[in-house]
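Q: Handing you a structure now.
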Amino acid sequence: MKVRDITNLIEEFAPLSIQEKWDNSGLCVGDENAETHSVLVGFDCTPALVQEAIDCGADMIVTHHPLIFGGLKKISVNDPVGLAVTMAVSNGIAVYAAHTTADKVLEGVSGAMARRIGLENVRILDPDSENTGLGAVGDFPVPMTVDEVARTLKGKFCLKVLKTSKPIALPIRTVAMCGGSGSSLIQAAMDSGAQLYISGDISYHHFFTPEGFMIMDIGHLESEVEVVTILYSLIRKKFPTFVVRISENIDKNNPIYYL
């Protein structure tokens, strides 16, 4: 098996051509023509994840967030990114990221959020072509109260806390969502006719919402983490005898703590 066999498979699902201009999805470290015998799938390519790959014998890592996001001016082991790059290179580990590529297909991040809470008639919230775009919007089979939605989200996404704008009195039927940092799609959510927008990394001022519309912030990792299972299942289905693992420490990789 070559590294490119894995990357080609992922790009059939989430093509590099659809990634946002500011993104850095794709092969961050390694040679696409190199042999690979085992893949470890995680969320962020931290030094801890690279060490996990070393310990389990994986020579390729697939994550959602890119290891190299902006330009690197130096590679230092005193910096988490530099350390992860150094560890990967010195141990011959290829590193691939499916970031906004996996965000912009409905079978990816936002679609997974919609499926998890049982929405119907799911479509792309902010389309950039006939079949791709950011976010998703759909409908509950039966309208729900704010309290019912809150309980559903806490249960389905294993939330310790839930940040919301002022609760609305009207039943919630149409819900928009975007995994990760979704403040930029708030207007699109309102334009879609949704009564509720679910995302992460919502800033203070965005919680001042108009009448009849509210926001729920479920957290960045919490909203996107199912993409790990999606990528794992994609590889497992295509190559059933190939060794592919999900990181055992995804929850520990969340940089945000609740005390």
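Here, A, B, ... name the chains of the structure tokens in the order displayed, residue numbers run from 1 inside each chain, and ligands are numbered from 1 in the same displayed order.
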Write out as a list in words the residues lying within 12 Å of Thr7 in chain A, counting only C-alpha atoms and excluding same-chain residues fewer than 6 positions away.
A: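 In the requested format, the answer is Met1, Phe13, Ala14, Pro15, Leu16, Ser25, Gly26, Leu27, Cys28, Gly30, Asp31, Glu32, Asn33, Ala34, Thr36, Val39, Met60, Ile61, Val62, Thr63, Ala94, Val95, Tyr96, Ala97, Ala98, Leu231, Leu234 and Ile235 of chain A.
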Q: Those residues with C-alpha atoms, as an mmCIF file, in the first residue's frame please?
A:
data_model
loop_
_atom_site.group_PDB
_atom_site.id
_atom_site.type_symbol
_atom_site.label_atom_id
_atom_site.label_comp_id
_atom_site.auth_asym_id
_atom_site.auth_seq_id
_atom_site.Cartn_x
_atom_site.Cartn_y
_atom_site.Cartn_z
ATOM 1 C CA MET A 1 0.000 0.000 0.000
ATOM 2 C CA PHE A 13 -14.669 11.662 -0.726
ATOM 3 C CA ALA A 14 -13.436 15.205 -0.044
ATOM 4 C CA PRO A 15 -11.474 16.673 -3.001
ATOM 5 C CA LEU A 16 -8.618 19.088 -2.320
ATOM 6 C CA SER A 25 -5.596 20.294 3.662
ATOM 7 C CA GLY A 26 -3.648 17.506 1.996
ATOM 8 C CA LEU A 27 -0.337 15.773 2.606
ATOM 9 C CA CYS A 28 1.498 17.988 5.126
ATOM 10 C CA GLY A 30 5.824 12.750 3.761
ATOM 11 C CA ASP A 31 6.070 11.201 0.308
ATOM 12 C CA GLU A 32 2.920 10.055 -1.476
ATOM 13 C CA ASN A 33 4.944 7.284 -3.139
ATOM 14 C CA ALA A 34 6.198 5.865 0.162
ATOM 15 C CA THR A 36 2.471 2.600 4.334
ATOM 16 C CA VAL A 39 -2.718 4.396 9.562
ATOM 17 C CA MET A 60 0.795 7.383 8.412
ATOM 18 C CA ILE A 61 -1.440 9.775 10.332
ATOM 19 C CA VAL A 62 -4.736 11.152 9.035
ATOM 20 C CA THR A 63 -6.315 14.056 10.925
ATOM 21 C CA ALA A 94 3.363 10.682 6.635
ATOM 22 C CA VAL A 95 0.769 13.194 7.849
ATOM 23 C CA TYR A 96 -2.416 14.035 5.932
ATOM 24 C CA ALA A 97 -5.265 16.408 6.833
ATOM 25 C CA ALA A 98 -8.840 16.573 5.551
ATOM 26 C CA LEU A 231 -12.372 9.017 7.904
ATOM 27 C CA LEU A 234 -13.848 5.329 4.770
ATOM 28 C CA ILE A 235 -10.433 3.639 4.895
#
Q: Taking the chain letters and numbering used in this document, name the residues of range 31-242 of chain A that DSSP puts in helix (DSSP H, G or I), as JSON, numbers by chain.
A: {"A": [47, 48, 49, 50, 51, 52, 53, 54, 55, 56, 80, 81, 82, 83, 84, 85, 86, 87, 88, 89, 90, 100, 101, 102, 103, 109, 110, 111, 112, 113, 114, 115, 116, 146, 147, 148, 149, 150, 151, 152, 153, 154, 155, 156, 183, 184, 185, 186, 187, 188, 189, 190, 191, 204, 205, 206, 207, 220, 221, 222, 223, 224, 226, 227, 228, 229, 230, 231, 232, 233, 234, 235, 236, 237, 238]}
Q: Within 8 Å of range 223-226 of chain A, which residues of range 71-118 of chain A show up? Give each one with its shortest atom-to-atom distance in Å (one decimal) and the two atoms involved, counting only C-alpha atoms, rows by chain then rising residue number, as a tab-separated table.
A:
residue	atom	partner	partner_atom	distance
A:Val109	CA	A:Glu224	CA	5.7
A:Ser110	CA	A:Glu224	CA	7.7
A:Ala112	CA	A:Glu226	CA	7.0
A:Met113	CA	A:Ser223	CA	6.9
Q: For a quick check of understanding, using only C-alpha atoms, which of A:Val149, A:Val89, A:Ala48, A:Ile124 has the smallest distance to Val29 in chain A?
A: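 Going through A:Val149, A:Val89, A:Ala48, A:Ile124 one by one, the smallest distance to Val29 in chain A is for A:Val89.
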Q: Do a neighbour search on Cys56 in chain A at 9 Å with only C-alpha atoms, toss out local chain neighbours closer than 3 positions, and write the hits as a VMD selection string.
A: chain A and resid 38 40 51 to 53
Q: Could you list, as a list in words, every residue within 7 Å of range 140-143 of chain A, counting only C-alpha atoms and ignoring same-chain residues fewer than 5 positions away?
A: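 Here the qualifying residues turn out to be Gly118, Leu119, Glu120, Pro171, Ile172, Arg173 and Thr174 of chain A.
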Q: Based on DSSP run over this structure's backbone, return all residues of range 12-227 of chain A in strand (DSSP E), as number ranges by chain.
A: A: 26-29, 38-41, 60-63, 94-97, 120-127, 133-144, 163-164, 172-181, 196-200, 214-217
Q: Work out how far apart CA of Val81 in chain A and CA of Leu259 in chain A are and give it in Å to one decimal.
A: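 Value for the CA of Val81 in chain A-CA of Leu259 in chain A distance: 26.3 Å.
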Q: Quick one: residues within 10 Å of Arg116 in chain A, only C-alpha atoms counted, chain neighbours fewer than 5 positions away excluded, as an mmCIF file with C-alpha atoms, in the first residue's frame?
A:
data_model
loop_
_atom_site.group_PDB
_atom_site.id
_atom_site.type_symbol
_atom_site.label_atom_id
_atom_site.label_comp_id
_atom_site.auth_asym_id
_atom_site.auth_seq_id
_atom_site.Cartn_x
_atom_site.Cartn_y
_atom_site.Cartn_z
ATOM 1 C CA SER A 110 -21.831 19.368 9.354
ATOM 2 C CA GLY A 111 -23.903 16.602 7.818
ATOM 3 C CA THR A 152 -30.678 16.465 23.020
ATOM 4 C CA LEU A 153 -27.430 18.284 22.293
ATOM 5 C CA LYS A 156 -25.747 13.438 21.649
ATOM 6 C CA PHE A 157 -22.519 15.466 21.876
ATOM 7 C CA GLU A 226 -17.199 12.642 14.449
#
